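Source file input.cif; content: mmCIF, C-alpha atoms and all ligand atoms.
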```cif
data_coords
loop_
_atom_site.label_atom_id
_atom_site.label_comp_id
_atom_site.auth_asym_id
_atom_site.auth_seq_id
_atom_site.Cartn_x
_atom_site.Cartn_y
_atom_site.Cartn_z
CA MET A 12 -28.34 -110.36 23.74
CA ILE A 13 -29.91 -110.19 20.29
CA ILE A 14 -29.92 -106.77 18.61
CA SER A 15 -31.63 -106.41 15.25
CA VAL A 16 -30.76 -103.54 12.95
CA ALA A 17 -33.70 -102.56 10.76
CA SER A 18 -35.03 -99.66 8.72
CA GLY A 19 -38.44 -98.81 7.37
CA LYS A 20 -36.93 -98.38 3.92
CA GLY A 21 -33.85 -99.39 1.97
CA GLY A 22 -30.81 -97.19 1.41
CA THR A 23 -30.61 -95.69 4.91
CA GLY A 24 -27.20 -97.20 5.71
CA LYS A 25 -28.62 -100.03 7.86
CA THR A 26 -26.03 -102.60 6.80
CA THR A 27 -23.01 -100.36 7.27
CA VAL A 28 -24.33 -99.59 10.77
CA ALA A 29 -24.85 -103.31 11.54
CA VAL A 30 -21.34 -104.20 10.32
CA SER A 31 -19.71 -101.24 12.09
CA LEU A 32 -21.47 -102.13 15.34
CA ALA A 33 -20.29 -105.76 15.03
CA LEU A 34 -16.70 -104.71 14.33
CA SER A 35 -16.72 -102.42 17.38
CA LEU A 36 -17.64 -105.16 19.88
CA ASP A 37 -16.02 -108.30 21.27
CA ASP A 38 -17.54 -111.77 21.23
CA VAL A 39 -20.10 -110.98 18.58
CA GLN A 40 -22.03 -112.73 15.83
CA LEU A 41 -23.42 -111.00 12.74
CA LEU A 42 -26.33 -112.68 10.98
CA ASP A 43 -27.37 -111.16 7.66
CA CYS A 44 -31.06 -112.01 7.43
CA ASP A 45 -31.71 -109.86 4.38
CA VAL A 46 -31.77 -113.14 2.47
CA GLU A 47 -33.21 -111.72 -0.75
CA GLU A 48 -30.31 -109.33 -1.11
CA PRO A 49 -27.60 -110.06 1.46
CA ASN A 50 -24.79 -107.51 1.37
CA ALA A 51 -23.21 -107.47 4.86
CA HIS A 52 -20.47 -109.77 3.53
CA ILE A 53 -19.42 -107.02 1.08
CA PHE A 54 -18.62 -104.71 4.02
CA LEU A 55 -17.32 -107.33 6.45
CA LYS A 56 -15.41 -109.45 3.90
CA PRO A 57 -15.49 -112.63 5.99
CA VAL A 58 -13.65 -115.81 5.07
CA ILE A 59 -16.52 -118.16 4.20
CA ARG A 60 -15.78 -121.57 5.68
CA ASN A 61 -19.00 -123.47 5.27
CA SER A 62 -21.92 -123.51 2.88
CA ILE A 63 -25.02 -125.64 3.33
CA LYS A 64 -28.12 -125.97 1.20
CA ALA A 65 -31.30 -124.75 2.86
CA SER A 66 -34.64 -126.40 2.24
CA ILE A 67 -38.11 -126.66 3.69
CA PRO A 68 -40.23 -129.81 4.10
CA VAL A 69 -43.29 -129.72 1.84
CA PRO A 70 -46.13 -132.25 1.92
CA VAL A 71 -46.72 -135.05 -0.56
CA VAL A 72 -50.05 -136.84 -0.27
CA ASP A 73 -50.48 -140.59 -0.63
CA LYS A 74 -53.74 -140.92 -2.60
CA THR A 75 -54.25 -144.49 -1.48
CA LYS A 76 -54.48 -143.42 2.18
CA CYS A 77 -56.21 -140.04 1.82
CA ASP A 78 -59.99 -140.00 2.41
CA LEU A 79 -60.34 -136.30 1.44
CA CYS A 80 -61.39 -135.31 4.96
CA GLY A 81 -60.04 -131.76 4.43
CA LYS A 82 -58.24 -131.45 7.80
CA CYS A 83 -54.94 -130.55 6.11
CA ALA A 84 -56.49 -127.59 4.27
CA ASP A 85 -58.25 -126.45 7.45
CA VAL A 86 -55.02 -126.24 9.46
CA CYS A 87 -52.90 -124.65 6.73
CA MET A 88 -52.57 -120.93 7.47
CA TYR A 89 -51.00 -120.21 4.11
CA ASN A 90 -53.55 -121.73 1.68
CA ALA A 91 -50.77 -123.99 0.46
CA ILE A 92 -52.91 -127.11 0.40
CA ALA A 93 -56.46 -127.49 -0.91
CA VAL A 94 -58.85 -130.41 -0.99
CA MET A 95 -61.21 -130.90 -3.93
CA PRO A 96 -64.10 -133.02 -2.70
CA LYS A 97 -65.45 -135.98 -4.61
CA SER A 98 -68.32 -135.35 -6.98
CA ARG A 99 -70.18 -137.36 -9.56
CA THR A 100 -67.71 -136.29 -12.22
CA ASN A 101 -64.59 -135.88 -10.11
CA ALA A 102 -62.74 -138.43 -7.97
CA GLY A 103 -61.54 -135.63 -5.67
CA ARG A 104 -57.94 -134.83 -4.89
CA VAL A 105 -55.57 -132.88 -2.66
CA LEU A 106 -53.63 -130.08 -4.33
CA VAL A 107 -50.34 -128.88 -2.83
CA PHE A 108 -48.84 -125.51 -3.82
CA PRO A 109 -45.17 -125.88 -2.86
CA GLN A 110 -44.35 -122.21 -3.58
CA LEU A 111 -46.85 -121.13 -0.89
CA CYS A 112 -45.86 -123.78 1.66
CA HIS A 113 -43.90 -122.55 4.72
CA GLY A 114 -42.93 -126.06 5.73
CA CYS A 115 -44.65 -125.71 9.11
CA GLY A 116 -45.60 -129.40 9.23
CA ALA A 117 -49.14 -128.77 10.53
CA CYS A 118 -50.85 -130.70 7.71
CA THR A 119 -48.66 -133.75 8.30
CA MET A 120 -49.24 -133.64 12.01
CA PHE A 121 -53.04 -133.32 11.78
CA CYS A 122 -53.72 -135.76 8.93
CA PRO A 123 -55.81 -138.48 10.60
CA GLN A 124 -54.92 -141.05 7.91
CA GLN A 125 -51.13 -140.47 8.05
CA ALA A 126 -51.46 -139.91 4.31
CA ILE A 127 -48.86 -137.11 4.18
CA ARG A 128 -45.11 -137.47 4.00
CA GLU A 129 -42.68 -134.62 3.60
CA VAL A 130 -40.03 -134.04 0.96
CA GLU A 131 -37.36 -131.37 1.10
CA ARG A 132 -37.70 -128.46 -1.34
CA PRO A 133 -34.50 -126.39 -1.79
CA ILE A 134 -34.95 -122.65 -1.19
CA GLY A 135 -31.41 -121.32 -0.89
CA GLU A 136 -28.18 -121.69 1.01
CA ILE A 137 -26.60 -120.59 4.27
CA GLN A 138 -22.95 -119.61 4.40
CA THR A 139 -20.92 -119.15 7.55
CA GLY A 140 -17.51 -117.62 8.12
CA LYS A 141 -15.47 -115.28 10.27
CA LYS A 142 -13.68 -111.93 10.10
CA SER A 143 -11.76 -110.05 12.79
CA GLY A 144 -13.40 -112.00 15.61
CA VAL A 145 -16.90 -111.51 14.15
CA VAL A 146 -18.66 -114.83 13.57
CA PHE A 147 -20.70 -114.38 10.43
CA ALA A 148 -23.62 -116.11 8.68
CA HIS A 149 -25.96 -115.15 5.91
CA GLY A 150 -28.75 -116.74 3.92
CA ARG A 151 -29.05 -116.51 0.15
CA LEU A 152 -32.49 -117.16 -1.24
CA ASP A 153 -32.57 -118.93 -4.62
CA VAL A 154 -33.43 -116.69 -7.56
CA GLY A 155 -37.19 -116.71 -8.16
CA GLU A 156 -37.91 -118.12 -4.70
CA ALA A 157 -40.55 -116.17 -2.74
CA MET A 158 -40.36 -117.93 0.60
CA SER A 159 -37.84 -115.89 2.57
CA PRO A 160 -39.16 -116.25 6.20
CA PRO A 161 -38.26 -119.97 6.48
CA LEU A 162 -34.71 -119.23 5.32
CA ILE A 163 -34.49 -116.28 7.72
CA ARG A 164 -35.57 -118.56 10.56
CA GLN A 165 -32.91 -121.10 9.56
CA VAL A 166 -30.21 -118.41 9.63
CA LYS A 167 -31.46 -117.26 13.04
CA ARG A 168 -31.17 -120.80 14.39
CA LEU A 169 -27.42 -120.24 14.28
CA SER A 170 -27.75 -117.52 16.94
CA ASP A 171 -25.33 -118.06 19.77
CA ILE A 172 -27.16 -116.31 22.58
CA SER A 173 -24.15 -116.57 24.87
CA THR A 174 -22.61 -113.83 22.69
CA THR A 175 -23.95 -110.56 21.28
CA VAL A 176 -25.97 -111.41 18.18
CA ILE A 177 -26.50 -108.65 15.62
CA ILE A 178 -29.17 -109.31 13.01
CA ASP A 179 -29.15 -107.29 9.82
CA ALA A 180 -32.87 -107.35 8.96
CA PRO A 181 -34.39 -106.78 5.52
CA PRO A 182 -35.73 -103.24 4.93
CA GLY A 183 -39.44 -102.46 5.27
CA THR A 184 -42.09 -103.75 7.68
CA SER A 185 -43.40 -106.86 5.92
CA CYS A 186 -43.26 -110.58 6.87
CA PRO A 187 -39.49 -111.06 6.26
CA VAL A 188 -38.73 -108.15 8.60
CA ILE A 189 -40.96 -109.57 11.30
CA ALA A 190 -39.32 -113.01 10.89
CA ALA A 191 -35.89 -111.37 11.24
CA VAL A 192 -36.52 -109.11 14.25
CA LYS A 193 -38.85 -111.44 16.22
CA ASP A 194 -37.31 -112.53 19.54
CA SER A 195 -34.76 -109.70 19.47
CA ASP A 196 -34.02 -107.97 22.75
CA PHE A 197 -33.69 -104.62 21.03
CA CYS A 198 -34.20 -103.15 17.59
CA LEU A 199 -31.99 -100.38 16.28
CA LEU A 200 -33.85 -98.43 13.61
CA VAL A 201 -31.68 -96.63 11.10
CA THR A 202 -33.33 -93.70 9.36
CA GLU A 203 -32.61 -90.41 7.64
CA PRO A 204 -34.16 -86.97 8.25
CA THR A 205 -36.33 -86.81 5.14
CA PRO A 206 -40.11 -87.12 4.67
CA PHE A 207 -39.67 -90.69 3.33
CA GLY A 208 -37.36 -91.60 6.19
CA MET A 209 -39.86 -90.18 8.67
CA ASN A 210 -42.86 -91.98 7.16
CA ASP A 211 -41.11 -95.35 7.13
CA LEU A 212 -39.68 -94.84 10.61
CA ILE A 213 -43.20 -94.39 11.97
CA LEU A 214 -44.29 -97.66 10.32
CA ALA A 215 -41.24 -99.48 11.69
CA VAL A 216 -41.80 -98.14 15.21
CA GLU A 217 -45.44 -99.28 15.10
CA ALA A 218 -44.39 -102.77 13.96
CA MET A 219 -41.80 -103.06 16.76
CA ARG A 220 -44.32 -101.89 19.34
CA LYS A 221 -46.68 -104.65 18.24
CA LEU A 222 -43.84 -107.11 18.75
CA LYS A 223 -43.05 -105.47 22.12
CA ILE A 224 -39.41 -104.94 21.13
CA PRO A 225 -37.76 -101.83 22.58
CA VAL A 226 -36.33 -99.50 19.95
CA GLY A 227 -33.68 -96.81 19.53
CA VAL A 228 -32.89 -94.72 16.47
CA ILE A 229 -29.72 -93.91 14.56
CA ILE A 230 -30.11 -90.94 12.21
CA ASN A 231 -27.87 -91.26 9.20
CA ARG A 232 -26.95 -88.23 7.07
CA CYS A 233 -28.28 -86.20 10.00
CA ASP A 234 -27.28 -82.83 8.59
CA MET A 235 -29.53 -83.19 5.55
CA GLY A 236 -33.31 -82.71 5.56
CA ASN A 237 -35.14 -81.37 8.60
CA ASP A 238 -35.50 -82.04 12.33
CA LYS A 239 -38.88 -83.77 12.15
CA VAL A 240 -37.40 -87.21 12.87
CA GLU A 241 -35.85 -85.94 16.09
CA THR A 242 -39.04 -84.16 17.09
CA TYR A 243 -41.01 -87.36 16.43
CA CYS A 244 -38.55 -89.45 18.48
CA LYS A 245 -38.79 -86.99 21.34
CA SER A 246 -42.59 -87.02 21.26
CA GLN A 247 -42.59 -90.83 21.27
CA ASN A 248 -39.91 -91.16 23.94
CA ILE A 249 -37.63 -92.99 21.55
CA PRO A 250 -33.92 -92.48 22.24
CA VAL A 251 -31.77 -91.19 19.38
CA LEU A 252 -28.63 -93.22 20.05
CA MET A 253 -26.35 -91.81 17.38
CA LYS A 254 -26.30 -89.24 14.60
CA ILE A 255 -24.05 -89.82 11.61
CA PRO A 256 -23.29 -86.77 9.47
CA PHE A 257 -23.26 -86.71 5.69
CA ARG A 258 -19.53 -86.92 5.00
CA LYS A 259 -17.68 -87.53 1.77
CA GLU A 260 -15.37 -90.12 3.42
CA ILE A 261 -18.37 -92.17 4.56
CA ALA A 262 -20.00 -92.05 1.11
CA GLU A 263 -16.71 -93.07 -0.50
CA ALA A 264 -16.18 -95.91 1.96
CA TYR A 265 -19.73 -97.12 1.30
CA SER A 266 -19.29 -97.09 -2.46
CA ASN A 267 -16.00 -98.99 -2.04
CA GLY A 268 -17.74 -101.61 0.12
CA ASN A 269 -16.19 -100.54 3.44
CA PRO A 270 -18.02 -99.97 6.74
CA LEU A 271 -18.03 -96.42 8.09
CA ILE A 272 -15.63 -97.19 10.95
CA GLU A 273 -12.89 -97.68 8.37
CA PRO A 274 -12.53 -94.06 7.25
CA LEU A 275 -13.69 -92.84 10.67
CA PRO A 276 -12.26 -95.25 13.30
CA GLN A 277 -13.25 -92.81 16.05
CA TYR A 278 -16.82 -94.07 15.52
CA LYS A 279 -15.81 -97.38 17.09
CA GLU A 280 -16.03 -95.80 20.53
CA GLN A 281 -19.39 -94.28 19.66
CA PHE A 282 -20.72 -97.67 18.59
CA LYS A 283 -19.49 -99.16 21.86
CA GLU A 284 -21.41 -96.43 23.68
CA VAL A 285 -24.49 -97.21 21.61
CA PHE A 286 -24.16 -100.85 22.67
CA ASN A 287 -23.85 -99.88 26.35
CA LYS A 288 -26.99 -97.78 26.08
CA ILE A 289 -28.80 -100.64 24.36
CA GLU A 290 -27.85 -102.99 27.19
CA THR A 291 -29.45 -100.57 29.65
CA LEU A 292 -32.53 -99.94 27.50
CA ALA A 293 -33.12 -103.63 26.75
CA GLY A 294 -32.82 -104.51 30.44
CA LYS A 295 -31.31 -107.67 31.71
CA ASP A 296 -33.00 -110.80 30.43
CA GLU A 297 -32.69 -113.53 33.05
CA LYS A 298 -32.88 -116.30 30.42
CA LYS A 299 -29.98 -114.89 28.46
CA MET A 300 -28.06 -114.23 31.67
CA LYS A 301 -28.41 -117.88 32.64
CA ALA A 302 -27.17 -119.02 29.22
CA LYS A 303 -24.27 -116.59 29.50
CA LYS A 304 -23.42 -117.85 32.97
CA ALA A 305 -23.47 -121.47 31.76
CA VAL A 306 -21.08 -120.62 28.94
CA GLU A 307 -18.79 -118.84 31.39
CA TYR A 308 -18.62 -122.07 33.41
CA PHE A 309 -18.04 -124.07 30.25
CA ARG A 310 -15.17 -121.83 29.20
CA GLY A 311 -13.83 -121.11 32.70
CA LEU A 312 -14.31 -117.34 32.26
CA ASN A 313 -14.80 -114.50 34.75
CA GLY A 314 -13.29 -116.43 37.66
CA LYS A 315 -15.63 -119.41 37.27
CA MET A 316 -14.36 -122.96 37.67
CA ARG A 317 -14.23 -124.72 34.32
CA LEU A 318 -16.94 -127.38 34.02
CA ASN A 319 -18.01 -129.82 31.33
CA CYS A 320 -21.10 -129.11 29.19
CA ALA A 321 -23.58 -131.06 31.36
CA GLN A 322 -22.23 -129.55 34.57
CA SER A 323 -22.36 -126.06 33.06
CA VAL A 324 -26.07 -126.47 32.29
CA ALA A 325 -26.73 -127.50 35.90
CA ALA A 326 -24.52 -124.73 37.31
CA ALA A 327 -26.60 -122.04 35.58
CA PHE A 328 -29.57 -122.93 37.83
CA MET A 329 -27.71 -123.06 41.15
CA ASP A 330 -28.65 -119.53 42.20
CA ASP A 331 -32.38 -120.40 41.93
CA GLY A 332 -31.88 -123.43 44.15
CA PHE A 333 -33.16 -125.59 41.26
CA THR A 334 -29.82 -127.40 41.16
CA SER A 335 -27.11 -128.00 43.74
CA ASN A 336 -23.50 -129.09 44.06
CA SER A 337 -24.59 -132.72 44.00
CA ASP A 338 -25.96 -132.18 40.46
CA ILE A 339 -22.65 -130.73 39.37
CA GLU A 340 -20.88 -133.76 40.86
CA GLY A 341 -23.44 -136.12 39.31
CA PHE A 342 -22.67 -134.85 35.82
CA TRP A 343 -18.88 -134.97 36.17
CA ASP A 344 -18.56 -137.87 33.69
CA CYS A 345 -21.16 -136.59 31.18
CA GLY A 346 -18.98 -134.22 29.20
CA PHE A 347 -16.84 -134.73 26.08
CA GLY A 348 -19.28 -137.19 24.50
CA GLU A 349 -19.27 -139.44 27.58
CA ALA A 350 -22.91 -138.99 28.56
CA PRO A 351 -24.98 -142.22 28.48
CA ASP A 352 -25.88 -143.52 24.98
CA GLY A 353 -23.60 -140.96 23.33
CA TYR A 354 -25.95 -138.09 24.19
CA CYS A 355 -24.70 -134.53 24.00
CA GLY A 356 -23.97 -133.68 27.66
CA SER A 357 -25.89 -130.39 27.45
CA ILE A 358 -29.19 -131.97 26.41
CA TYR A 359 -28.60 -134.98 28.67
CA ALA A 360 -28.37 -132.64 31.67
CA ALA A 361 -31.37 -130.57 30.55
CA LEU A 362 -33.52 -133.70 30.04
CA SER A 363 -32.44 -135.16 33.39
CA LEU A 364 -33.24 -131.94 35.24
CA LEU A 365 -36.58 -131.44 33.47
CA ARG A 366 -37.57 -135.08 34.03
CA ARG A 367 -37.21 -134.85 37.78
CA THR A 368 -39.66 -131.95 37.97
CA GLY A 369 -42.33 -134.38 36.80
CA ASN A 370 -42.97 -132.17 33.79
CA ASP A 371 -42.80 -135.11 31.38
CA GLY A 372 -45.05 -133.49 28.76
CA ARG A 373 -42.32 -130.96 28.08
CA LEU A 374 -39.60 -133.55 27.44
CA LYS A 375 -40.76 -134.09 23.85
CA GLU A 376 -40.77 -130.34 23.22
CA LEU A 377 -37.29 -129.99 24.69
CA THR A 378 -36.01 -132.85 22.54
CA GLU A 379 -37.61 -131.54 19.34
CA GLU A 380 -36.45 -127.97 19.77
CA PHE A 381 -32.92 -129.08 20.58
CA ILE A 382 -32.79 -131.31 17.49
CA ALA A 383 -34.17 -128.48 15.33
CA TYR A 384 -31.25 -126.35 16.50
CA THR A 385 -28.39 -128.85 16.54
CA GLY A 386 -29.54 -131.58 14.12
CA SER A 387 -29.22 -134.39 16.69
CA LEU A 388 -29.21 -135.37 20.37
CA LYS A 389 -25.95 -137.29 20.01
CA CYS A 390 -22.62 -135.63 20.66
CA LYS A 391 -20.80 -137.33 17.80
CA GLU A 392 -23.43 -136.37 15.23
CA ILE A 393 -23.63 -132.77 16.41
CA ARG A 394 -19.86 -132.51 15.99
CA THR A 395 -20.08 -134.09 12.54
CA PHE A 396 -22.83 -131.72 11.37
CA ARG A 397 -20.82 -128.72 12.64
CA ARG A 398 -23.95 -126.60 12.68
CA VAL A 399 -23.35 -125.49 16.24
CA SER A 400 -20.44 -125.49 18.66
CA CYS A 401 -20.40 -127.18 22.07
CA ARG A 402 -20.86 -123.87 23.84
CA GLN A 403 -23.93 -123.20 21.69
CA THR A 404 -25.42 -126.51 22.83
CA VAL A 405 -24.83 -125.41 26.42
CA ALA A 406 -26.54 -122.05 25.85
CA LYS A 407 -29.45 -123.62 23.96
CA ALA A 408 -30.03 -126.35 26.55
CA VAL A 409 -30.15 -123.72 29.30
CA GLU A 410 -32.49 -121.47 27.33
CA LEU A 411 -34.88 -124.36 26.60
CA LEU A 412 -34.77 -125.74 30.13
CA GLU A 413 -35.50 -122.31 31.57
CA ARG A 414 -38.46 -121.79 29.25
CA LEU A 415 -39.98 -125.25 29.48
CA ASN A 416 -39.62 -125.45 33.24
CA SER A 417 -41.35 -122.12 33.91
S1 LIG A 501 -55.88 -134.49 6.16
FE1 LIG A 501 -54.95 -136.32 5.23
S2 LIG A 501 -56.66 -137.64 4.78
FE2 LIG A 501 -57.52 -135.61 5.13
S3 LIG A 501 -57.60 -134.67 3.09
FE3 LIG A 501 -55.63 -134.08 3.95
S4 LIG A 501 -54.22 -135.64 3.24
FE4 LIG A 501 -56.25 -136.47 2.92
S1 LIG A 502 -46.51 -127.66 5.76
FE1 LIG A 502 -47.71 -126.00 6.68
S2 LIG A 502 -47.68 -124.40 5.12
FE2 LIG A 502 -47.10 -126.29 4.06
S3 LIG A 502 -49.01 -127.11 3.28
FE3 LIG A 502 -48.68 -128.05 5.29
S4 LIG A 502 -49.81 -126.76 6.74
FE4 LIG A 502 -49.56 -125.58 4.82
#
```
Could the structure of this file be written out as structure tokens, please?
Ligand code: SF4
Ligand code: SF4
Amino acid sequence: MIISVASGKGGTGKTTVAVSLALSLDDVQLLDCDVEEPNAHIFLKPVIRNSIKASIPVPVVDKTKCDLCGKCADVCMYNAIAVMPKSRTNAGRVLVFPQLCHGCGACTMFCPQQAIREVERPIGEIQTGKKSGVVFAHGRLDVGEAMSPPLIRQVKRLSDISTTVIIDAPPGTSCPVIAAVKDSDFCLLVTEPTPFGMNDLILAVEAMRKLKIPVGVIINRCDMGNDKVETYCKSQNIPVLMKIPFRKEIAEAYSNGNPLIEPLPQYKEQFKEVFNKIETLAGKDEKKMKAKKAVEYFRGLNGKMRLNCAQSVAAAFMDDGFTSNSDIEGFWDCGFGEAPDGYCGSIYAALSLLRRTGNDGRLKELTEEFIAYTGSLKCKEIRTFRRVSCRQTVAKAVELLERLNS
């Protein structure tokens, strides 16, 4: 399940809530997507183990091939590429504005002359680490860089949906927030009972409703201000999942860079209760349940027989009748890098199962999305890149197969 923690404005205690929630749960991942000003690491204090440069592909036009048709500018949603037509005094040219480019690749794909190639433009870095069982990652946007959504999306690619993923979103309701909370199963909105808190909460609720993401509210410093936030939540049928009082210990912990469960460990239980309520409010998502089930097979958890990665992908679809015991047997020698041609067993199984449905058009999509997540289709390379673990490949293959086969 993916839970994003957001707030209509900064300074509401969003990050201390996100970190405290993560530290109260088992098998959890915390992704700090506030890439312009990441600060979850200050509260969590993870050991950073890996740091990779983040970049986006921006177009470079080959003048000798370009016929100035203008297709690239037509498909660019961000006005990052413009075509100056030929005139009597001007030879015409294509202008690229790298600072506006989101690296979506549409111009390259639609250029009829294949005149566009892509070069990587650095935008920041992604660091990963761990603390007290919490798997951590954050993005750091380069100083002066304006393009935060692509970096947020790259951080989110690390989501391990077989666990509980907590996303610390940027404050506000603009594009970076939408990029961070999109695809979440639930959004926890942290607010305070003041006129500003109320105004920004309303904006945040409206944004989440447009995204069709269920919401719940945590009121921080609940004993200050007035009761208008609670009245609003009641009128809108929005559950208030927790109220945190204004306490000196909490303020001190915050200013010392400690999450609120440190001075007040009794809040751990309350955060667990909040999580239980979120599970109920978000409802069970079959896709995520399948991925979870596959990972349970892969790890031999909850009484399930331990299977290799390829078998685990197949086993997740047994209840639907889409796969059977013969599939599990058929993939017995496809784990541990032994799948044909060195393929990752997870994607090998997903491709094999999708292929037999006759849905060949989706094979390319499955391949591309898997590569975007893992970096490769080959087991050895995926292990070398160390972007994702084997169990993440299992979860991703199941998620993609489920979606592309529907
Ligand atoms: S789509 Fe290709 S050929 Fe057409 S103007 Fe753009 S770069 Fe040139
Ligand atoms: S990659 Fe996307 S955003 Fe960048 S110029 Fe091409 S179409 Fe525009």
(-36.2, -93.5, 6.7) in this file's frame - what residues fall within 10 Å of it? Use only C-alpha atoms and give the answer as a list in words.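 Those residues, ordered by chain and then number, are Ser18, Gly19, Lys20, Gly21, Gly22, Thr23, Gly24, Pro182, Gly183, Leu200, Val201, Thr202, Glu203, Pro204, Thr205, Pro206, Phe207, Gly208, Met209, Asn210, Asp211, Leu212, Ile213, Leu214, Ala215, Ile230, Asn231 and Val240 of chain A.
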List as number ranges by chain the protein and nucleic acid residues near segment 86-96 of chain A, meaning an atom at most 6 Å away when all atoms listed in the file are counted, but skip any in the same chain fewer than 6 places from it. A: 103-108, 111-112
Keeping only C-alpha atoms, write those residues as an mmCIF file, in the coordinates of the input.
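Writing the result to result-v7.cif gives the following:
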```cif
data_model
loop_
_atom_site.group_PDB
_atom_site.id
_atom_site.type_symbol
_atom_site.label_atom_id
_atom_site.label_comp_id
_atom_site.auth_asym_id
_atom_site.auth_seq_id
_atom_site.Cartn_x
_atom_site.Cartn_y
_atom_site.Cartn_z
ATOM 1 C CA GLY A 103 -61.540 -135.630 -5.670
ATOM 2 C CA ARG A 104 -57.940 -134.830 -4.890
ATOM 3 C CA VAL A 105 -55.570 -132.880 -2.660
ATOM 4 C CA LEU A 106 -53.630 -130.080 -4.330
ATOM 5 C CA VAL A 107 -50.340 -128.880 -2.830
ATOM 6 C CA PHE A 108 -48.840 -125.510 -3.820
ATOM 7 C CA LEU A 111 -46.850 -121.130 -0.890
ATOM 8 C CA CYS A 112 -45.860 -123.780 1.660
#
```
So how far away is atom CA of Val306 of chain A from atom CA of Ile224 of chain A, in Å? 25.4 Å
So which one's closest to ligand LIG 501 (chain A), A:Gly353, A:Pro250, A:Pro70, A:Pro109? Using only C-alpha atoms and all ligand atoms, please. A:Pro70
Please identify the residues whose atoms come within 9 Å of ligand LIG 501 (chain A), using all atoms listed in the file, and report them as a PyMOL selection string. chain A and resi 70-74+76-86+92-96+104-105+118-127
Anything within 8 Å of (-33.0, -105.1, 0.8): list those residues as a ChimeraX atom specification, counting all atoms listed in the file and sticking to the file's coordinates. /A:21,45,47-49,181-182
If you take every atom of segment 73-88 of chain A that the file lists and fit an axis-aligned box around them with 6 Å extra on each side, what centre and edge lengths come out in Å to one decimal, as JSON?
```
{"center_x": -55.9, "center_y": -132.7, "center_z": 3.4, "size_x": 22.9, "size_y": 35.6, "size_z": 24.1}
```
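Nearest to Asn61 of chain A of all the residues A:Ala305, A:Leu374, A:Val399, A:Ile289 is A:Val399, counting only C-alpha atoms.
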Report as a PDB file with C-alpha atoms, in the coordinates of the input all protein, DNA and RNA residues lying within 12 Å of Phe309 of chain A, evaluated on only C-alpha atoms, omitting residues in the same chain fewer than 6 positions from it.
```
ATOM      1  CA  SER A 173     -24.150-116.570  24.870  1.00  0.00           C
ATOM      2  CA  ALA A 302     -27.170-119.020  29.220  1.00  0.00           C
ATOM      3  CA  LYS A 303     -24.270-116.590  29.500  1.00  0.00           C
ATOM      4  CA  LYS A 315     -15.630-119.410  37.270  1.00  0.00           C
ATOM      5  CA  MET A 316     -14.360-122.960  37.670  1.00  0.00           C
ATOM      6  CA  ARG A 317     -14.230-124.720  34.320  1.00  0.00           C
ATOM      7  CA  LEU A 318     -16.940-127.380  34.020  1.00  0.00           C
ATOM      8  CA  ASN A 319     -18.010-129.820  31.330  1.00  0.00           C
ATOM      9  CA  CYS A 320     -21.100-129.110  29.190  1.00  0.00           C
ATOM     10  CA  ALA A 321     -23.580-131.060  31.360  1.00  0.00           C
ATOM     11  CA  GLN A 322     -22.230-129.550  34.570  1.00  0.00           C
ATOM     12  CA  SER A 323     -22.360-126.060  33.060  1.00  0.00           C
ATOM     13  CA  VAL A 324     -26.070-126.470  32.290  1.00  0.00           C
ATOM     14  CA  ALA A 325     -26.730-127.500  35.900  1.00  0.00           C
ATOM     15  CA  ALA A 326     -24.520-124.730  37.310  1.00  0.00           C
ATOM     16  CA  ALA A 327     -26.600-122.040  35.580  1.00  0.00           C
ATOM     17  CA  GLY A 346     -18.980-134.220  29.200  1.00  0.00           C
ATOM     18  CA  PHE A 347     -16.840-134.730  26.080  1.00  0.00           C
ATOM     19  CA  GLY A 356     -23.970-133.680  27.660  1.00  0.00           C
ATOM     20  CA  SER A 357     -25.890-130.390  27.450  1.00  0.00           C
ATOM     21  CA  SER A 400     -20.440-125.490  18.660  1.00  0.00           C
ATOM     22  CA  CYS A 401     -20.400-127.180  22.070  1.00  0.00           C
ATOM     23  CA  ARG A 402     -20.860-123.870  23.840  1.00  0.00           C
ATOM     24  CA  GLN A 403     -23.930-123.200  21.690  1.00  0.00           C
ATOM     25  CA  THR A 404     -25.420-126.510  22.830  1.00  0.00           C
ATOM     26  CA  VAL A 405     -24.830-125.410  26.420  1.00  0.00           C
ATOM     27  CA  ALA A 406     -26.540-122.050  25.850  1.00  0.00           C
TER      28      ALA A 406
END
```
Distance query Cys198 of chain A at most 10 Å, all atoms listed in the file, self and fewer than 3 positions along chain excluded, as a ChimeraX atom specification: /A:13-18,177-178,180,192-193,195,201,215-216,219,224-228,289,293
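Restricting the calculation to all atoms listed in the file, the smallest distance between ligand LIG 502 (chain A) and any of A:Leu32, A:Leu41, A:Ala51, A:Val69 is found for A:Val69.
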Hey, which of A:Cys186, A:Cys355, A:Arg367, A:Lys375 ends up closest to Leu388 of chain A? Count all atoms listed in the file.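 With all atoms listed in the file as the atom set, the closest residue is A:Cys355.
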Excluding Ile137 of chain A and any residue of its chain fewer than 5 positions from it, enumerate the residues within 12 Å of it, using all atoms listed in the file, and give them as a ChimeraX atom specification. /A:42-46,49,59-66,147-153,161-169,398
Between atom CA of Val58 of chain A and atom CA of Thr139 of chain A, what distance in Å does the model show, to one decimal?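 Here the two named atoms are 8.4 Å from each other.
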Would you mind reading off the distance between atom CA of Gly348 of chain A and atom CA of Ser387 of chain A, one decimal, in Å? 12.9 Å
Might you pull out every residue within 10 Å of Glu413 of chain A, with all atoms listed in the file counted and same-chain residues fewer than 2 positions away left off, and present them as a list in words? Glu297, Lys298, Lys299, Lys301, Ala302, Ala327, Phe328, Ala361, Leu365, Lys407, Ala408, Val409, Glu410, Leu411, Leu415, Asn416 and Ser417 of chain A
